[in-house]
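The file target.pdb comes next; it holds PDB, C-alpha atoms, pLDDT in the B column.
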ATOM      1  CA  MET A   1     -18.736 -21.604 -83.427  1.00 64.00           C
ATOM      2  CA  THR A   2     -15.468 -23.503 -83.597  1.00 85.00           C
ATOM      3  CA  ALA A   3     -12.540 -22.510 -85.763  1.00 82.00           C
ATOM      4  CA  ILE A   4     -12.959 -25.546 -88.031  1.00 85.00           C
ATOM      5  CA  LYS A   5     -16.619 -24.765 -88.629  1.00 87.00           C
ATOM      6  CA  THR A   6     -15.733 -21.158 -89.452  1.00 84.00           C
ATOM      7  CA  LEU A   7     -13.108 -22.334 -91.963  1.00 81.00           C
ATOM      8  CA  ILE A   8     -15.595 -24.680 -93.592  1.00 85.00           C
ATOM      9  CA  LEU A   9     -18.242 -21.959 -93.869  1.00 83.00           C
ATOM     10  CA  HIS A  10     -15.729 -19.571 -95.467  1.00 85.00           C
ATOM     11  CA  TYR A  11     -13.814 -22.088 -97.582  1.00 88.00           C
ATOM     12  CA  ASN A  12     -13.703 -19.727-100.570  1.00 87.00           C
ATOM     13  CA  TYR A  13     -11.744 -17.167 -98.556  1.00 90.00           C
ATOM     14  CA  VAL A  14      -9.390 -19.870 -97.255  1.00 91.00           C
ATOM     15  CA  ILE A  15      -8.668 -20.976-100.824  1.00 92.00           C
ATOM     16  CA  THR A  16      -8.179 -17.360-101.886  1.00 93.00           C
ATOM     17  CA  ILE A  17      -5.682 -16.695 -99.090  1.00 94.00           C
ATOM     18  CA  PHE A  18      -3.863 -19.959 -99.842  1.00 95.00           C
ATOM     19  CA  LEU A  19      -3.508 -19.027-103.527  1.00 95.00           C
ATOM     20  CA  MET A  20      -2.450 -15.479-102.650  1.00 96.00           C
ATOM     21  CA  VAL A  21       0.274 -16.598-100.250  1.00 97.00           C
ATOM     22  CA  GLY A  22       1.425 -19.327-102.645  1.00 96.00           C
ATOM     23  CA  GLY A  23       1.634 -16.940-105.595  1.00 96.00           C
ATOM     24  CA  LEU A  24       3.478 -14.323-103.560  1.00 96.00           C
ATOM     25  CA  TYR A  25       5.920 -16.958-102.302  1.00 97.00           C
ATOM     26  CA  ILE A  26       6.670 -18.111-105.849  1.00 96.00           C
ATOM     27  CA  VAL A  27       7.282 -14.530-107.006  1.00 95.00           C
ATOM     28  CA  VAL A  28       9.656 -13.811-104.120  1.00 95.00           C
ATOM     29  CA  ALA A  29      11.452 -17.146-103.713  1.00 95.00           C
ATOM     30  CA  ARG A  30      12.103 -18.264-107.290  1.00 91.00           C
ATOM     31  CA  GLY A  31      14.903 -17.008-109.500  1.00 91.00           C
ATOM     32  CA  ASN A  32      13.531 -18.303-112.783  1.00 94.00           C
ATOM     33  CA  MET A  33      11.645 -15.502-114.513  1.00 95.00           C
ATOM     34  CA  VAL A  34       9.020 -17.778-116.086  1.00 96.00           C
ATOM     35  CA  LYS A  35       8.270 -19.252-112.663  1.00 96.00           C
ATOM     36  CA  LYS A  36       7.937 -15.715-111.309  1.00 96.00           C
ATOM     37  CA  LEU A  37       5.349 -14.999-114.010  1.00 96.00           C
ATOM     38  CA  VAL A  38       3.456 -18.174-113.096  1.00 96.00           C
ATOM     39  CA  GLY A  39       3.458 -17.024-109.461  1.00 96.00           C
ATOM     40  CA  LEU A  40       2.188 -13.609-110.542  1.00 95.00           C
ATOM     41  CA  SER A  41      -0.601 -15.285-112.505  1.00 96.00           C
ATOM     42  CA  ILE A  42      -1.604 -17.363-109.462  1.00 96.00           C
ATOM     43  CA  PHE A  43      -1.585 -14.225-107.307  1.00 96.00           C
ATOM     44  CA  GLN A  44      -3.769 -12.406-109.840  1.00 95.00           C
ATOM     45  CA  SER A  45      -6.214 -15.318-109.890  1.00 94.00           C
ATOM     46  CA  SER A  46      -6.534 -15.147-106.121  1.00 94.00           C
ATOM     47  CA  VAL A  47      -7.390 -11.449-106.366  1.00 92.00           C
ATOM     48  CA  TYR A  48     -10.099 -12.308-108.903  1.00 92.00           C
ATOM     49  CA  LEU A  49     -11.571 -14.805-106.456  1.00 91.00           C
ATOM     50  CA  LEU A  50     -11.373 -12.260-103.647  1.00 89.00           C
ATOM     51  CA  TYR A  51     -13.462  -9.779-105.634  1.00 87.00           C
ATOM     52  CA  ILE A  52     -15.946 -12.325-107.001  1.00 86.00           C
ATOM     53  CA  ALA A  53     -16.708 -14.019-103.661  1.00 81.00           C
ATOM     54  CA  PRO A  54     -18.833 -11.235-102.106  1.00 78.00           C
ATOM     55  CA  GLY A  55     -20.344 -10.256-105.465  1.00 74.00           C
ATOM     56  CA  LYS A  56     -23.086 -12.898-105.379  1.00 72.00           C
ATOM     57  CA  ILE A  57     -25.814 -12.631-102.789  1.00 75.00           C
ATOM     58  CA  LEU A  58     -27.921 -15.721-102.191  1.00 76.00           C
ATOM     59  CA  GLY A  59     -31.470 -14.961-103.238  1.00 76.00           C
ATOM     60  CA  GLY A  60     -30.360 -11.802-105.005  1.00 78.00           C
ATOM     61  CA  THR A  61     -31.618 -10.869-108.426  1.00 79.00           C
ATOM     62  CA  PRO A  62     -30.090  -8.733-111.168  1.00 79.00           C
ATOM     63  CA  PRO A  63     -30.469  -5.035-110.384  1.00 79.00           C
ATOM     64  CA  ILE A  64     -33.735  -4.534-112.231  1.00 80.00           C
ATOM     65  CA  LEU A  65     -36.033  -2.265-110.293  1.00 80.00           C
ATOM     66  CA  ASP A  66     -39.242  -4.097-109.535  1.00 80.00           C
ATOM     67  CA  PRO A  67     -41.420  -3.902-106.433  1.00 84.00           C
ATOM     68  CA  ALA A  68     -41.469  -7.709-106.272  1.00 82.00           C
ATOM     69  CA  TYR A  69     -37.712  -7.867-105.544  1.00 81.00           C
ATOM     70  CA  THR A  70     -35.947  -6.439-102.525  1.00 81.00           C
ATOM     71  CA  VAL A  71     -32.536  -8.162-102.585  1.00 82.00           C
ATOM     72  CA  TYR A  72     -30.216  -7.381-105.491  1.00 80.00           C
ATOM     73  CA  SER A  73     -26.824  -8.735-106.530  1.00 80.00           C
ATOM     74  CA  ASN A  74     -24.225  -6.139-107.405  1.00 80.00           C
ATOM     75  CA  PRO A  75     -22.866  -6.630-110.965  1.00 81.00           C
ATOM     76  CA  LEU A  76     -19.942  -4.226-110.451  1.00 84.00           C
ATOM     77  CA  PRO A  77     -17.454  -6.825-109.069  1.00 84.00           C
ATOM     78  CA  HIS A  78     -18.043  -9.047-112.093  1.00 84.00           C
ATOM     79  CA  VAL A  79     -17.442  -6.184-114.511  1.00 87.00           C
ATOM     80  CA  LEU A  80     -14.278  -5.181-112.670  1.00 88.00           C
ATOM     81  CA  ILE A  81     -12.992  -8.753-112.814  1.00 91.00           C
ATOM     82  CA  LEU A  82     -13.499  -8.885-116.579  1.00 92.00           C
ATOM     83  CA  THR A  83     -11.336  -5.780-116.858  1.00 93.00           C
ATOM     84  CA  ALA A  84      -8.780  -7.239-114.438  1.00 93.00           C
ATOM     85  CA  ILE A  85      -8.563 -10.454-116.474  1.00 95.00           C
ATOM     86  CA  VAL A  86      -7.776  -8.479-119.629  1.00 95.00           C
ATOM     87  CA  VAL A  87      -5.127  -6.450-117.789  1.00 94.00           C
ATOM     88  CA  GLY A  88      -3.699  -9.646-116.280  1.00 94.00           C
ATOM     89  CA  ILE A  89      -3.397 -11.311-119.683  1.00 95.00           C
ATOM     90  CA  ALA A  90      -1.646  -8.235-121.063  1.00 96.00           C
ATOM     91  CA  THR A  91       0.722  -8.176-118.072  1.00 95.00           C
ATOM     92  CA  ILE A  92       1.657 -11.839-118.460  1.00 96.00           C
ATOM     93  CA  ALA A  93       2.096 -11.439-122.237  1.00 97.00           C
ATOM     94  CA  LEU A  94       4.379  -8.437-121.757  1.00 97.00           C
ATOM     95  CA  GLY A  95       6.315 -10.304-119.071  1.00 96.00           C
ATOM     96  CA  LEU A  96       6.824 -13.298-121.346  1.00 97.00           C
ATOM     97  CA  ALA A  97       7.980 -11.013-124.169  1.00 97.00           C
ATOM     98  CA  LEU A  98      10.507  -9.426-121.806  1.00 97.00           C
ATOM     99  CA  VAL A  99      11.712 -12.864-120.698  1.00 97.00           C
ATOM    100  CA  VAL A 100      12.288 -13.820-124.350  1.00 97.00           C
ATOM    101  CA  ARG A 101      14.327 -10.640-124.928  1.00 97.00           C
ATOM    102  CA  ILE A 102      16.317 -11.186-121.721  1.00 95.00           C
ATOM    103  CA  ASN A 103      17.006 -14.767-122.787  1.00 96.00           C
ATOM    104  CA  GLU A 104      18.280 -13.515-126.155  1.00 96.00           C
ATOM    105  CA  ALA A 105      20.577 -10.992-124.455  1.00 93.00           C
ATOM    106  CA  TYR A 106      21.899 -13.120-121.582  1.00 93.00           C
ATOM    107  CA  ASP A 107      21.265 -16.728-122.729  1.00 93.00           C
ATOM    108  CA  THR A 108      19.535 -17.411-119.406  1.00 94.00           C
ATOM    109  CA  ILE A 109      16.353 -16.578-117.559  1.00 94.00           C
ATOM    110  CA  GLU A 110      17.769 -17.167-114.072  1.00 94.00           C
ATOM    111  CA  GLU A 111      17.901 -13.918-112.118  1.00 92.00           C
ATOM    112  CA  ASP A 112      21.058 -14.847-110.166  1.00 92.00           C
ATOM    113  CA  GLU A 113      23.048 -15.601-113.328  1.00 93.00           C
ATOM    114  CA  ILE A 114      21.973 -12.316-114.938  1.00 92.00           C
ATOM    115  CA  LEU A 115      22.983 -10.313-111.861  1.00 92.00           C
ATOM    116  CA  GLU A 116      26.311 -12.157-111.716  1.00 91.00           C
ATOM    117  CA  ARG A 117      27.027 -11.391-115.378  1.00 89.00           C
ATOM    118  CA  ASP A 118      26.163  -7.733-114.883  1.00 88.00           C
ATOM    119  CA  ARG A 119      28.430  -7.570-111.834  1.00 90.00           C
ATOM    120  CA  ASP A 120      31.342  -9.114-113.780  1.00 87.00           C
ATOM    121  CA  ALA A 121      30.896  -6.784-116.766  1.00 75.00           C
TER     122      ALA A 121
END

How does this structure look as structure tokens?
Amino acid sequence: MTAIKTLILHYNYVITIFLMVGGLYIVVARGNMVKKLVGLSIFQSSVYLLYIAPGKILGGTPPILDPAYTVYSNPLPHVLILTAIVVGIATIALGLALVVRINEAYDTIEEDEILERDRDA
């Protein structure tokens, strides 16, 4: 199997890795705190995709015990992702509230300017 064919067969993992690396890059490379929160949100979304991808089994049924079914899909990843989404929303909301308070205190949301002002003070 060639590398291209492998990438095509596992496109969902390629997209997940692309989003994860992109989100991490935004968090590390940007100085604007709102952009950092956007990067964190993208990173969190990639983790959701990473957990959801193996959760569905083709031909699998809900885990209802019946002699007619032998292949079951695991509902646990989906439940965990619902919890992770709620935690992610709370994290982003708290981050935005902190950015508002920092903006009120420093009149900027750029990390470099805040550090420079703290160094001068």

Under the PyMOL selection byres ((chain A and resi 86-96) around 10), which residues of this model are included? Write them out as a ChimeraX atom specification.
/A:33-34,36-38,40-41,44-45,81-85,97-102

Starting from the PyMOL selection byres ((chain A and resi 61) around 9), expand the selection into actual residues of this file and give them as a PDB file with C-alpha atoms, in the coordinates of the input.
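Ended up saving to result_30.pdb:
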ATOM      1  CA  ILE A  57     -25.814 -12.631-102.789  1.00 75.00           C
ATOM      2  CA  LEU A  58     -27.921 -15.721-102.191  1.00 76.00           C
ATOM      3  CA  GLY A  59     -31.470 -14.961-103.238  1.00 76.00           C
ATOM      4  CA  GLY A  60     -30.360 -11.802-105.005  1.00 78.00           C
ATOM      5  CA  PRO A  62     -30.090  -8.733-111.168  1.00 79.00           C
ATOM      6  CA  PRO A  63     -30.469  -5.035-110.384  1.00 79.00           C
ATOM      7  CA  ILE A  64     -33.735  -4.534-112.231  1.00 80.00           C
ATOM      8  CA  TYR A  69     -37.712  -7.867-105.544  1.00 81.00           C
ATOM      9  CA  THR A  70     -35.947  -6.439-102.525  1.00 81.00           C
ATOM     10  CA  VAL A  71     -32.536  -8.162-102.585  1.00 82.00           C
ATOM     11  CA  TYR A  72     -30.216  -7.381-105.491  1.00 80.00           C
ATOM     12  CA  SER A  73     -26.824  -8.735-106.530  1.00 80.00           C
ATOM     13  CA  ASN A  74     -24.225  -6.139-107.405  1.00 80.00           C
TER      14      ASN A  74
END

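Here CA of Asp118 in chain A is placed at a distance of 27.8 Å from CA of Gly23 in chain A.
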
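Across the model, the gap from CA of Leu76 in chain A to CA of Gly55 in chain A is 7.8 Å.
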
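Taking CA of Ile15 in chain A as the reference point, CA of Lys35 in chain A is found at 20.7 Å.
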
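Checking A:Leu24, A:His78, A:Thr2, A:Glu104 one by one against Pro54 in chain A, counting only C-alpha atoms, you find the shortest gap at A:His78.
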
N, CA and C atoms are needed for range 75-95 of chain A; please write them out as an mmCIF file, in the frame of the given file.
data_model
loop_
_atom_site.group_PDB
_atom_site.id
_atom_site.type_symbol
_atom_site.label_atom_id
_atom_site.label_comp_id
_atom_site.auth_asym_id
_atom_site.auth_seq_id
_atom_site.Cartn_x
_atom_site.Cartn_y
_atom_site.Cartn_z
ATOM 1 N N PRO A 75 -23.621 -6.150 -109.806
ATOM 2 C CA PRO A 75 -22.866 -6.630 -110.965
ATOM 3 C C PRO A 75 -21.491 -5.981 -111.091
ATOM 4 N N LEU A 76 -21.198 -4.951 -110.313
ATOM 5 C CA LEU A 76 -19.942 -4.226 -110.451
ATOM 6 C C LEU A 76 -18.704 -5.108 -110.232
ATOM 7 N N PRO A 77 -18.655 -5.981 -109.208
ATOM 8 C CA PRO A 77 -17.454 -6.825 -109.069
ATOM 9 C C PRO A 77 -17.186 -7.699 -110.296
ATOM 10 N N HIS A 78 -18.228 -8.191 -110.926
ATOM 11 C CA HIS A 78 -18.043 -9.047 -112.093
ATOM 12 C C HIS A 78 -17.481 -8.249 -113.275
ATOM 13 N N VAL A 79 -17.950 -7.037 -113.437
ATOM 14 C CA VAL A 79 -17.442 -6.184 -114.511
ATOM 15 C C VAL A 79 -15.984 -5.823 -114.249
ATOM 16 N N LEU A 80 -15.656 -5.512 -113.009
ATOM 17 C CA LEU A 80 -14.278 -5.181 -112.670
ATOM 18 C C LEU A 80 -13.345 -6.364 -112.890
ATOM 19 N N ILE A 81 -13.824 -7.563 -112.621
ATOM 20 C CA ILE A 81 -12.992 -8.753 -112.814
ATOM 21 C C ILE A 81 -12.752 -9.002 -114.299
ATOM 22 N N LEU A 82 -13.735 -8.748 -115.136
ATOM 23 C CA LEU A 82 -13.499 -8.885 -116.579
ATOM 24 C C LEU A 82 -12.384 -7.950 -117.035
ATOM 25 N N THR A 83 -12.407 -6.728 -116.535
ATOM 26 C CA THR A 83 -11.336 -5.780 -116.858
ATOM 27 C C THR A 83 -10.006 -6.257 -116.294
ATOM 28 N N ALA A 84 -10.015 -6.765 -115.070
ATOM 29 C CA ALA A 84 -8.780 -7.239 -114.438
ATOM 30 C C ALA A 84 -8.200 -8.434 -115.185
ATOM 31 N N ILE A 85 -9.051 -9.305 -115.711
ATOM 32 C CA ILE A 85 -8.563 -10.454 -116.474
ATOM 33 C C ILE A 85 -7.847 -9.981 -117.738
ATOM 34 N N VAL A 86 -8.418 -9.007 -118.421
ATOM 35 C CA VAL A 86 -7.776 -8.479 -119.629
ATOM 36 C C VAL A 86 -6.427 -7.848 -119.285
ATOM 37 N N VAL A 87 -6.385 -7.069 -118.212
ATOM 38 C CA VAL A 87 -5.127 -6.450 -117.789
ATOM 39 C C VAL A 87 -4.122 -7.520 -117.372
ATOM 40 N N GLY A 88 -4.585 -8.562 -116.695
ATOM 41 C CA GLY A 88 -3.699 -9.646 -116.280
ATOM 42 C C GLY A 88 -3.103 -10.392 -117.462
ATOM 43 N N ILE A 89 -3.905 -10.644 -118.481
ATOM 44 C CA ILE A 89 -3.397 -11.311 -119.683
ATOM 45 C C ILE A 89 -2.351 -10.448 -120.365
ATOM 46 N N ALA A 90 -2.616 -9.145 -120.439
ATOM 47 C CA ALA A 90 -1.646 -8.235 -121.063
ATOM 48 C C ALA A 90 -0.355 -8.185 -120.247
ATOM 49 N N THR A 91 -0.463 -8.201 -118.937
ATOM 50 C CA THR A 91 0.722 -8.176 -118.072
ATOM 51 C C THR A 91 1.571 -9.426 -118.266
ATOM 52 N N ILE A 92 0.927 -10.579 -118.274
ATOM 53 C CA ILE A 92 1.657 -11.839 -118.460
ATOM 54 C C ILE A 92 2.279 -11.896 -119.858
ATOM 55 N N ALA A 93 1.556 -11.437 -120.873
ATOM 56 C CA ALA A 93 2.096 -11.439 -122.237
ATOM 57 C C ALA A 93 3.316 -10.529 -122.341
ATOM 58 N N LEU A 94 3.235 -9.346 -121.750
ATOM 59 C CA LEU A 94 4.379 -8.437 -121.757
ATOM 60 C C LEU A 94 5.547 -9.035 -120.986
ATOM 61 N N GLY A 95 5.256 -9.660 -119.848
ATOM 62 C CA GLY A 95 6.315 -10.304 -119.071
ATOM 63 C C GLY A 95 7.003 -11.411 -119.844
#
